[in-house]
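For reference, target_26.txt is printed below; it contains compact mmCIF, C-alpha atoms and all ligand atoms.
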# COMPACT_ATOMS: atom_id res chain seq x y z
CA MET K 4 63.70 25.27 39.88
CA GLN K 5 63.73 21.71 38.63
CA THR K 6 60.85 19.37 39.26
CA VAL K 7 61.56 15.66 39.65
CA GLU K 8 58.78 13.12 39.82
CA LEU K 9 59.63 10.15 41.99
CA GLN K 10 58.00 6.75 41.82
CA TYR K 11 58.62 4.12 44.42
CA PRO K 12 60.89 2.19 44.08
CA LEU K 13 63.14 5.04 42.98
CA GLN K 14 64.50 4.78 39.45
CA ASN K 15 65.43 8.19 38.24
CA VAL K 16 67.66 9.50 41.04
CA GLU K 17 71.03 10.49 39.67
CA PRO K 18 73.55 8.19 41.36
CA ASN K 19 75.97 11.05 41.97
CA ALA K 20 73.48 13.79 42.90
CA GLY K 21 75.29 16.00 45.39
CA PRO K 22 74.27 16.25 49.04
CA GLN K 23 71.27 18.45 49.58
CA VAL K 24 68.99 20.04 52.15
CA LEU K 25 65.41 18.79 52.09
CA ALA K 26 62.11 20.03 53.54
CA ILE K 27 59.30 17.48 53.55
CA GLY K 28 55.56 18.07 53.73
CA ASP K 29 52.23 18.23 51.91
CA PHE K 30 52.40 22.00 51.95
CA ASP K 31 48.78 22.38 50.79
CA GLY K 32 48.24 26.11 50.85
CA VAL K 33 51.93 26.98 51.26
CA HIS K 34 50.80 29.05 54.25
CA LEU K 35 53.02 30.99 56.68
CA GLY K 36 53.81 27.82 58.69
CA HIS K 37 54.89 25.99 55.54
CA GLN K 38 56.84 29.02 54.39
CA GLU K 39 58.77 28.99 57.66
CA VAL K 40 59.83 25.34 57.13
CA ILE K 41 60.73 25.97 53.49
CA GLN K 42 62.61 29.21 54.13
CA ARG K 43 64.68 27.62 56.87
CA ALA K 44 65.68 24.82 54.51
CA VAL K 45 66.53 27.29 51.75
CA GLN K 46 68.59 29.36 54.19
CA ARG K 47 70.48 26.27 55.38
CA GLY K 48 71.18 25.37 51.74
CA VAL K 49 72.74 28.79 51.24
CA GLU K 50 74.89 28.39 54.37
CA LEU K 51 76.07 24.92 53.38
CA HIS K 52 76.44 25.74 49.66
CA MET K 53 74.02 22.95 48.88
CA PRO K 54 70.84 22.97 46.84
CA ALA K 55 67.59 23.13 48.80
CA ALA K 56 64.88 20.71 47.81
CA ILE K 57 61.27 20.16 48.81
CA MET K 58 59.55 16.82 48.88
CA THR K 59 55.84 16.86 48.45
CA PHE K 60 53.25 14.25 47.59
CA HIS K 61 50.78 13.94 44.77
CA PRO K 62 47.91 13.22 44.77
CA HIS K 63 47.39 14.80 48.16
CA PRO K 64 47.78 11.96 50.72
CA ARG K 65 44.56 12.82 52.50
CA GLN K 66 42.80 12.63 49.16
CA MET K 67 44.28 9.17 48.54
CA LEU K 68 43.37 8.05 52.02
CA GLY K 69 39.76 8.98 51.27
CA LEU K 70 39.33 11.49 54.08
CA ASP K 71 36.33 13.25 52.57
CA THR K 72 36.77 16.68 54.02
CA TYR K 73 40.21 16.91 52.51
CA THR K 74 39.35 16.09 48.92
CA LYS K 75 39.30 19.83 48.23
CA ILE K 76 42.62 21.57 47.94
CA LEU K 77 43.97 25.06 48.47
CA THR K 78 46.91 24.96 46.08
CA PRO K 79 46.91 22.69 43.02
CA LEU K 80 50.29 21.37 42.02
CA ALA K 81 51.08 24.12 39.49
CA ALA K 82 50.30 26.88 42.01
CA LYS K 83 52.39 25.13 44.64
CA GLN K 84 55.32 24.87 42.23
CA SER K 85 55.12 28.53 41.38
CA LEU K 86 55.12 29.50 45.08
CA LEU K 87 58.08 27.21 45.77
CA ARG K 88 59.97 28.81 42.90
CA GLN K 89 59.36 32.23 44.46
CA LEU K 90 60.76 30.90 47.75
CA ARG K 91 63.97 30.02 45.87
CA VAL K 92 63.68 26.28 46.19
CA ASN K 93 66.11 24.55 43.80
CA THR K 94 64.37 21.20 43.34
CA THR K 95 60.87 19.95 43.97
CA TYR K 96 60.49 16.21 44.33
CA ILE K 97 56.95 15.14 43.70
CA VAL K 98 56.48 11.71 45.13
CA ASN K 99 53.71 9.71 43.56
CA PHE K 100 51.57 8.85 46.56
CA SER K 101 50.77 5.32 45.34
CA GLU K 102 49.45 2.26 47.16
CA THR K 103 53.01 0.93 47.37
CA PHE K 104 54.46 4.18 48.65
CA MET K 105 51.69 4.46 51.21
CA ARG K 106 52.73 1.14 52.75
CA LEU K 107 56.40 1.97 53.32
CA THR K 108 57.46 1.74 56.92
CA PRO K 109 59.20 4.79 58.38
CA GLU K 110 62.48 2.86 58.15
CA GLN K 111 61.95 2.00 54.48
CA PHE K 112 61.12 5.64 53.76
CA VAL K 113 64.44 6.69 55.26
CA GLU K 114 66.57 3.90 53.76
CA ASN K 115 64.96 3.71 50.32
CA ILE K 116 64.15 7.35 49.69
CA LEU K 117 66.04 9.80 51.88
CA ILE K 118 69.41 8.01 51.85
CA PRO K 119 69.51 7.55 48.04
CA LEU K 120 68.67 11.28 47.71
CA ARG K 121 71.80 12.01 49.77
CA VAL K 122 70.10 14.37 52.16
CA ASN K 123 72.39 16.31 54.46
CA SER K 124 69.72 18.01 56.57
CA VAL K 125 66.00 17.44 56.67
CA PHE K 126 63.48 20.06 57.82
CA VAL K 127 60.01 19.06 58.93
CA GLY K 128 57.20 20.70 60.86
CA PHE K 129 56.57 19.61 64.46
CA ASP K 130 53.43 17.66 63.47
CA PHE K 131 54.95 15.88 60.46
CA THR K 132 54.11 12.18 60.17
CA PHE K 133 55.38 9.67 57.63
CA GLY K 134 55.38 6.00 56.73
CA HIS K 135 52.50 3.54 56.80
CA LYS K 136 49.51 4.97 58.69
CA GLY K 137 51.62 7.97 59.65
CA ALA K 138 53.55 5.89 62.18
CA GLY K 139 56.71 7.99 61.91
CA THR K 140 57.08 11.29 63.81
CA PRO K 141 59.89 13.86 63.75
CA ASP K 142 61.49 11.97 66.66
CA THR K 143 61.35 8.70 64.69
CA LEU K 144 63.07 10.51 61.83
CA CYS K 145 65.90 11.64 64.17
CA GLU K 146 66.41 8.06 65.38
CA LEU K 147 66.33 6.53 61.92
CA ALA K 148 68.82 9.09 60.59
CA LYS K 149 71.50 7.41 62.73
CA GLY K 150 73.73 10.41 62.35
CA ARG K 151 73.73 10.27 58.55
CA PHE K 152 71.73 13.49 58.24
CA THR K 153 70.51 16.09 60.67
CA VAL K 154 66.82 16.62 61.37
CA GLU K 155 65.42 20.04 62.20
CA ILE K 156 61.96 20.21 63.63
CA VAL K 157 60.30 23.54 63.01
CA ARG K 158 57.98 24.45 65.84
CA GLN K 159 54.39 25.51 65.62
CA PHE K 160 53.85 28.80 63.84
CA SER K 161 51.04 30.88 65.29
CA LEU K 162 49.19 33.96 64.19
CA HIS K 163 46.62 35.86 66.28
CA GLY K 164 46.95 33.12 68.89
CA SER K 165 46.04 30.21 66.59
CA LYS K 166 48.21 27.53 65.03
CA VAL K 167 48.56 28.33 61.33
CA SER K 168 47.32 25.26 59.47
CA SER K 169 45.71 24.29 56.18
CA THR K 170 42.63 23.29 58.18
CA LEU K 171 42.35 26.77 59.66
CA VAL K 172 42.72 28.37 56.20
CA ARG K 173 39.94 26.11 54.89
CA GLU K 174 37.69 27.01 57.83
CA GLN K 175 38.19 30.73 57.29
CA LEU K 176 37.44 30.42 53.56
CA LEU K 177 34.30 28.41 54.22
CA ARG K 178 33.13 31.25 56.47
CA GLY K 179 34.02 33.84 53.85
CA ASP K 180 36.75 35.35 56.01
CA VAL K 181 39.17 35.96 53.17
CA ARG K 182 41.06 38.66 55.08
CA GLU K 183 42.01 36.15 57.75
CA ALA K 184 42.82 33.54 55.08
CA THR K 185 45.08 36.13 53.44
CA ALA K 186 46.85 36.72 56.74
CA LEU K 187 47.42 32.97 57.24
CA LEU K 188 48.58 32.40 53.66
CA GLY K 189 50.73 35.52 53.45
CA ARG K 190 48.98 36.31 50.15
CA PRO K 191 45.38 36.34 48.94
CA TYR K 192 43.64 33.03 48.27
CA ARG K 193 43.65 32.38 44.52
CA LEU K 194 41.43 30.36 42.23
CA ARG K 195 42.24 29.56 38.64
CA GLY K 196 39.82 28.58 35.96
CA THR K 197 38.60 28.89 32.40
CA VAL K 198 35.90 31.32 31.33
CA VAL K 199 32.78 29.46 30.20
CA HIS K 200 29.38 30.56 28.89
CA GLY K 201 26.59 31.37 31.34
CA GLU K 202 23.04 32.51 30.59
CA ALA K 203 24.24 35.67 28.76
CA ARG K 204 22.14 37.66 31.24
CA GLY K 205 24.98 39.65 32.78
CA ARG K 206 25.43 41.95 29.78
CA THR K 207 21.69 42.70 29.72
CA ILE K 208 21.81 44.05 33.28
CA GLY K 209 24.92 46.15 32.68
CA PHE K 210 27.28 43.81 34.53
CA PRO K 211 28.79 41.18 32.26
CA THR K 212 30.36 38.46 34.36
CA ALA K 213 33.02 35.98 33.31
CA ASN K 214 31.87 32.59 34.61
CA LEU K 215 34.78 30.60 35.93
CA GLN K 216 35.07 26.86 35.64
CA VAL K 217 37.77 26.04 38.15
CA SER K 218 40.65 23.92 36.91
CA ASP K 219 41.10 21.83 40.07
CA PRO K 220 39.07 20.60 43.06
CA TYR K 221 39.61 23.84 44.99
CA VAL K 222 38.18 24.73 48.36
CA ILE K 223 35.47 27.17 47.27
CA PRO K 224 34.92 30.03 49.74
CA ALA K 225 31.48 30.70 51.22
CA ASN K 226 28.76 31.90 48.89
CA GLY K 227 28.71 35.66 48.73
CA VAL K 228 30.11 38.73 47.04
CA TYR K 229 33.85 39.48 47.11
CA ALA K 230 36.23 42.23 46.02
CA VAL K 231 38.86 40.62 43.80
CA GLU K 232 41.76 41.11 41.48
CA ALA K 233 41.80 38.96 38.38
CA ARG K 234 44.68 38.17 36.09
CA VAL K 235 43.72 37.78 32.43
CA GLY K 236 46.79 37.02 30.32
CA SER K 237 49.51 39.27 31.66
CA LYS K 238 47.18 41.98 32.99
CA VAL K 239 45.54 42.34 36.38
CA TYR K 240 42.10 43.95 36.73
CA GLY K 241 40.07 44.86 39.77
CA GLY K 242 36.68 43.21 39.95
CA VAL K 243 33.73 42.02 41.96
CA MET K 244 32.87 38.35 42.20
CA ASN K 245 29.73 36.50 43.14
CA ILE K 246 30.04 32.94 44.38
CA GLY K 247 26.57 31.49 44.57
CA VAL K 248 23.43 29.97 43.22
CA LYS K 249 21.72 33.16 41.96
CA PRO K 250 18.48 32.74 43.93
CA THR K 251 16.94 35.74 42.16
CA PHE K 252 16.94 33.75 38.91
CA GLU K 253 17.51 30.09 39.62
CA ALA K 254 15.29 27.77 41.65
CA ASP K 255 17.82 25.26 42.89
CA LEU K 256 21.31 25.32 41.40
CA ALA K 257 23.20 22.38 42.89
CA GLU K 258 26.68 23.85 42.64
CA PRO K 259 27.65 27.48 43.17
CA THR K 260 28.85 29.37 40.13
CA LEU K 261 31.82 31.72 40.31
CA GLU K 262 31.40 34.87 38.26
CA VAL K 263 33.55 37.95 38.04
CA HIS K 264 32.68 41.37 36.71
CA LEU K 265 35.95 43.04 35.77
CA PHE K 266 36.35 46.81 36.11
CA ASP K 267 37.28 48.91 33.09
CA PHE K 268 37.26 45.89 30.87
CA ALA K 269 35.34 45.09 27.70
CA GLN K 270 36.70 42.03 25.91
CA GLU K 271 35.38 38.66 24.99
CA ILE K 272 37.38 36.12 26.97
CA TYR K 273 35.51 32.84 26.64
CA GLY K 274 37.97 29.93 26.85
CA GLU K 275 40.69 32.06 28.48
CA GLU K 276 42.39 31.29 31.80
CA VAL K 277 41.71 33.66 34.66
CA GLU K 278 43.30 33.69 38.09
CA VAL K 279 41.22 35.41 40.75
CA SER K 280 42.69 36.70 44.03
CA LEU K 281 40.08 37.17 46.75
CA LEU K 282 40.67 40.43 48.61
CA ALA K 283 37.62 41.00 50.82
CA TYR K 284 34.16 39.68 51.59
CA ILE K 285 31.43 42.17 50.88
CA ARG K 286 28.09 40.52 51.67
CA GLN K 287 25.96 37.40 51.55
CA GLU K 288 24.19 36.41 48.37
CA ARG K 289 20.41 36.89 48.55
CA LYS K 290 17.19 36.69 46.61
CA PHE K 291 15.98 40.03 45.26
CA SER K 292 12.34 40.69 44.51
CA SER K 293 13.16 42.60 41.34
CA ILE K 294 15.99 42.79 38.83
CA GLN K 295 16.19 46.55 39.43
CA GLU K 296 17.00 45.95 43.08
CA LEU K 297 19.66 43.40 42.17
CA ILE K 298 21.22 45.84 39.67
CA ALA K 299 21.32 48.63 42.27
CA GLN K 300 22.92 46.28 44.78
CA ILE K 301 25.55 45.07 42.28
CA ALA K 302 26.39 48.71 41.47
CA SER K 303 26.95 49.37 45.15
CA ASP K 304 28.99 46.13 45.52
CA ALA K 305 31.15 47.25 42.61
CA ASP K 306 31.78 50.66 44.25
CA GLN K 307 32.78 48.96 47.47
CA ALA K 308 35.04 46.50 45.63
CA ARG K 309 36.73 49.32 43.70
CA HIS K 310 37.49 50.93 47.01
CA VAL K 311 39.04 47.70 48.38
CA VAL K 312 41.12 47.20 45.23
CA ARG K 313 42.45 50.77 45.48
CA GLU K 314 43.25 50.26 49.15
CA VAL K 315 45.16 47.02 48.44
CA LYS K 316 47.06 48.66 45.58
CA SER K 317 48.09 51.60 47.76
CA VAL K 318 49.34 49.22 50.49
CA GLN K 319 51.30 47.24 47.88
CA SER K 320 52.97 50.34 46.48
CA SER K 321 53.81 51.90 49.86
C1 LIG R 1 28.69 41.53 42.30
C2 LIG R 1 27.58 40.56 42.04
C3 LIG R 1 26.68 40.27 43.04
C4 LIG R 1 25.63 39.40 42.82
N1 LIG R 1 24.74 39.15 43.82
C5 LIG R 1 23.68 38.35 43.59
C6 LIG R 1 22.70 38.12 44.61
O1 LIG R 1 22.81 38.58 45.75
N2 LIG R 1 21.65 37.33 44.30
C7 LIG R 1 21.49 36.77 43.06
O2 LIG R 1 20.50 36.09 42.86
N3 LIG R 1 22.41 36.94 42.10
C8 LIG R 1 23.49 37.72 42.32
N4 LIG R 1 24.43 37.92 41.34
C9 LIG R 1 24.37 37.10 40.13
C10 LIG R 1 23.62 37.71 39.00
O3 LIG R 1 22.31 37.26 39.16
C11 LIG R 1 24.25 37.17 37.71
O4 LIG R 1 25.48 37.78 37.53
C12 LIG R 1 23.39 37.41 36.52
O5 LIG R 1 22.26 36.63 36.63
C13 LIG R 1 24.14 37.03 35.23
O6 LIG R 1 24.29 35.65 35.08
P1 LIG R 1 25.00 35.00 33.82
O7 LIG R 1 26.49 35.22 33.95
O8 LIG R 1 24.66 33.54 33.88
O9 LIG R 1 24.49 35.65 32.59
C14 LIG R 1 25.49 38.77 41.54
C15 LIG R 1 26.44 39.04 40.55
C16 LIG R 1 27.48 39.92 40.78
C17 LIG R 1 28.46 40.20 39.68
N1 LIG R 2 33.87 43.77 32.27
C1 LIG R 2 33.69 42.47 32.00
N2 LIG R 2 33.78 41.55 33.00
C2 LIG R 2 33.58 40.25 32.72
N3 LIG R 2 33.34 39.76 31.50
C3 LIG R 2 33.27 40.62 30.47
C4 LIG R 2 33.44 42.01 30.68
N4 LIG R 2 33.32 42.62 29.49
C5 LIG R 2 33.08 41.67 28.58
N5 LIG R 2 33.06 40.45 29.14
C6 LIG R 2 32.79 39.21 28.39
O1 LIG R 2 31.41 38.94 28.55
C7 LIG R 2 31.18 37.64 29.10
C8 LIG R 2 30.10 37.70 30.16
O2 LIG R 2 28.89 38.22 29.67
P1 LIG R 2 27.51 37.68 30.24
O3 LIG R 2 26.41 38.43 29.56
O4 LIG R 2 27.56 37.71 31.73
O5 LIG R 2 27.50 36.24 29.63
P2 LIG R 2 27.64 34.79 30.25
O6 LIG R 2 26.33 34.49 30.79
O7 LIG R 2 28.05 33.96 29.09
O8 LIG R 2 28.69 34.84 31.29
C9 LIG R 2 32.49 37.23 29.71
O9 LIG R 2 32.69 35.84 29.68
C10 LIG R 2 33.51 37.96 28.84
O10 LIG R 2 33.84 37.17 27.72
What's the structure tokens form of this structure?
Ligand SMILES: Cc1cc2nc3c(=O)[nH]c(=O)nc-3n(C[C@H](O)[C@H](O)[C@H](O)COP(=O)(O)O)c2cc1C
Ligand SMILES: Nc1ncnc2c1ncn2[C@@H]1O[C@H](COP(=O)(O)OP(=O)(O)O)[C@@H](O)[C@H]1O
Amino acid sequence: MQTVELQYPLQNVEPNAGPQVLAIGDFDGVHLGHQEVIQRAVQRGVELHMPAAIMTFHPHPRQMLGLDTYTKILTPLAAKQSLLRQLRVNTTYIVNFSETFMRLTPEQFVENILIPLRVNSVFVGFDFTFGHKGAGTPDTLCELAKGRFTVEIVRQFSLHGSKVSSTLVREQLLRGDVREATALLGRPYRLRGTVVHGEARGRTIGFPTANLQVSDPYVIPANGVYAVEARVGSKVYGGVMNIGVKPTFEADLAEPTLEVHLFDFAQEIYGEEVEVSLLAYIRQERKFSSIQELIAQIASDADQARHVVREVKSVQSS
């Protein structure tokens, strides 16, 4: 997959780039609804013998527009690119969501961006909006195409009776419902970060925990204990993660810490990148009246998490 960064006005579009199929959207989360739009575009590309491209925006438009609740993201750019590659997208256009780009009218977006890219068919979700203040809708896009490209509007994708959306995924994560988030995403929710030093207390209680400093402004799931899988280098380990403020030890931590105890693992990994997949929520974090009680509880959490990891592995291999 090639990645092309676009600045407005366009400069680096090859003048004789062939016609192509294009799916447009923010695609934060690359959830099942997004996957439907993307897969339909990819499929059409195959049928028409044309490359399939995705157009996405960076930074996230809602972030640029200062809508507070959306400053946290589900899939940072690198994760999104890797998912798009797996979906067999040929090109990803990353449009710099600048002040100038933000002010384009729907007509300018079509004439100055889509037409120069020689789009043959454009796929968008039913609730897609574009152009200054989101004035353009899928219907506007059909009108502005004036027969030069086709527009396919992908209808609402639902699961368990609800519209699959990035907002719903966020809500489920903030409630700790990672199983539902997994269902909506079509894969577990993943967080990437670097292992940093903590208080070096974990090893003294028999459960060393790799403290994760996340690499991007991720949506952090609800505080609590989770069964996880964690990729360290090229290997994946089962583990148990605590997201929280450690009330047993700390008076008032402002930000939750993310710490993972990896099963059957004994290496020093400070400074390394770890990618954690959240598999299941186990329990709320709480304050224990003694360290012994906390240790016993962590041991039981670890047993439960091992069970979940085994279950997930057996489903994957069946
Ligand atoms: C599975 C697991 C569950 C945990 N649950 C709690 C908890 O309920 N309450 C709490 O205060 N700390 C909890 N902790 C955090 C421990 O207090 C923490 O790992 C320990 O203090 C080590 O911290 P350090 O990495 O800074 O050395 C949990 C940790 C793990 C790995
Ligand atoms: N099974 C394990 N799971 C997580 N980290 C481990 C494990 N075994 C060794 N480590 C190492 O130990 C560190 C965690 O030890 P800990 O005593 O909790 O210290 P810290 O407070 O610095 O996190 C990890 O960052 C990692 O380098």
Within-8 Å residues of ligand LIG 1 (chain R), basis only C-alpha atoms and all ligand atoms, as number ranges by chain:
K: 200-206, 208, 210-214, 227-229, 243-253, 262-264, 287-291, 297, 300-302, 304-305
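Between CA of Ala44 (chain K) and CA of Leu80 (chain K) the separation is 20.1 Å.
Put simply, CA of Val231 (chain K) is 28.8 Å away from CA of Val92 (chain K).
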List as a VMD selection string the protein and nucleic acid residues near Tyr192 (chain K), meaning an atom at most 9 Å away when all atoms listed in the file are counted, but skip any in the same chain fewer than 5 places from it.
chain K and resid 32 77 to 78 176 181 184 to 185 279 to 282
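Proximity ranking of K:Ile272, K:Val33, K:Ile294, K:Ala299 relative to ligand LIG 2 (chain R) places K:Ile272 first, based on only C-alpha atoms and all ligand atoms.
Here the question is which of K:Leu265, K:Val318, K:Leu188, K:Ile156 gets nearest to ligand LIG 2 (chain R) using all atoms listed in the file, and that residue is K:Leu265.
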Output file request: region 165-182 of chain K, with N, CA, C and O atoms, as a short mmCIF file (atom, residue, chain, number, x, y, z; two decimals), in the first residue's frame.
data_model
loop_
_atom_site.label_atom_id
_atom_site.label_comp_id
_atom_site.auth_asym_id
_atom_site.auth_seq_id
_atom_site.Cartn_x
_atom_site.Cartn_y
_atom_site.Cartn_z
N SER K 165 -27.86 -1.71 17.26
CA SER K 165 -27.36 -0.33 17.35
C SER K 165 -26.51 -0.02 16.13
O SER K 165 -25.84 -0.89 15.59
N LYS K 166 -26.51 1.28 15.77
CA LYS K 166 -25.68 1.73 14.67
C LYS K 166 -24.22 1.63 15.11
O LYS K 166 -23.85 2.13 16.18
N VAL K 167 -23.41 0.96 14.32
CA VAL K 167 -21.98 0.84 14.65
C VAL K 167 -21.35 2.20 14.37
O VAL K 167 -21.45 2.73 13.27
N SER K 168 -20.73 2.80 15.38
CA SER K 168 -20.11 4.10 15.19
C SER K 168 -18.91 4.23 16.12
O SER K 168 -18.81 3.51 17.12
N SER K 169 -18.02 5.16 15.78
CA SER K 169 -16.85 5.40 16.64
C SER K 169 -17.32 5.86 18.02
O SER K 169 -16.73 5.49 19.04
N THR K 170 -18.41 6.63 18.05
CA THR K 170 -18.94 7.12 19.32
C THR K 170 -19.37 5.95 20.21
O THR K 170 -19.08 5.92 21.40
N LEU K 171 -20.04 4.97 19.60
CA LEU K 171 -20.49 3.81 20.37
C LEU K 171 -19.28 3.02 20.89
O LEU K 171 -19.27 2.57 22.04
N VAL K 172 -18.25 2.86 20.07
CA VAL K 172 -17.05 2.14 20.51
C VAL K 172 -16.45 2.86 21.72
O VAL K 172 -16.13 2.25 22.74
N ARG K 173 -16.34 4.18 21.61
CA ARG K 173 -15.80 4.99 22.72
C ARG K 173 -16.62 4.77 23.99
O ARG K 173 -16.07 4.57 25.07
N GLU K 174 -17.94 4.83 23.85
CA GLU K 174 -18.82 4.68 25.02
C GLU K 174 -18.61 3.32 25.68
O GLU K 174 -18.53 3.22 26.89
N GLN K 175 -18.50 2.28 24.86
CA GLN K 175 -18.33 0.94 25.43
C GLN K 175 -16.99 0.84 26.15
O GLN K 175 -16.89 0.25 27.22
N LEU K 176 -15.94 1.44 25.58
CA LEU K 176 -14.62 1.38 26.22
C LEU K 176 -14.64 2.15 27.54
O LEU K 176 -14.08 1.69 28.54
N LEU K 177 -15.32 3.27 27.55
CA LEU K 177 -15.35 4.09 28.76
C LEU K 177 -16.17 3.43 29.87
O LEU K 177 -16.07 3.78 31.04
N ARG K 178 -16.96 2.42 29.48
CA ARG K 178 -17.69 1.63 30.49
C ARG K 178 -16.95 0.35 30.82
O ARG K 178 -17.45 -0.47 31.58
N GLY K 179 -15.85 0.11 30.12
CA GLY K 179 -15.09 -1.12 30.35
C GLY K 179 -15.63 -2.31 29.58
O GLY K 179 -15.17 -3.44 29.76
N ASP K 180 -16.61 -2.09 28.71
CA ASP K 180 -17.18 -3.22 27.98
C ASP K 180 -16.34 -3.54 26.74
O ASP K 180 -16.69 -3.23 25.61
N VAL K 181 -15.19 -4.16 26.99
CA VAL K 181 -14.28 -4.41 25.87
C VAL K 181 -14.78 -5.54 24.96
O VAL K 181 -14.41 -5.59 23.79
N ARG K 182 -15.63 -6.40 25.49
CA ARG K 182 -16.17 -7.47 24.61
C ARG K 182 -17.05 -6.84 23.55
O ARG K 182 -16.98 -7.20 22.37
#
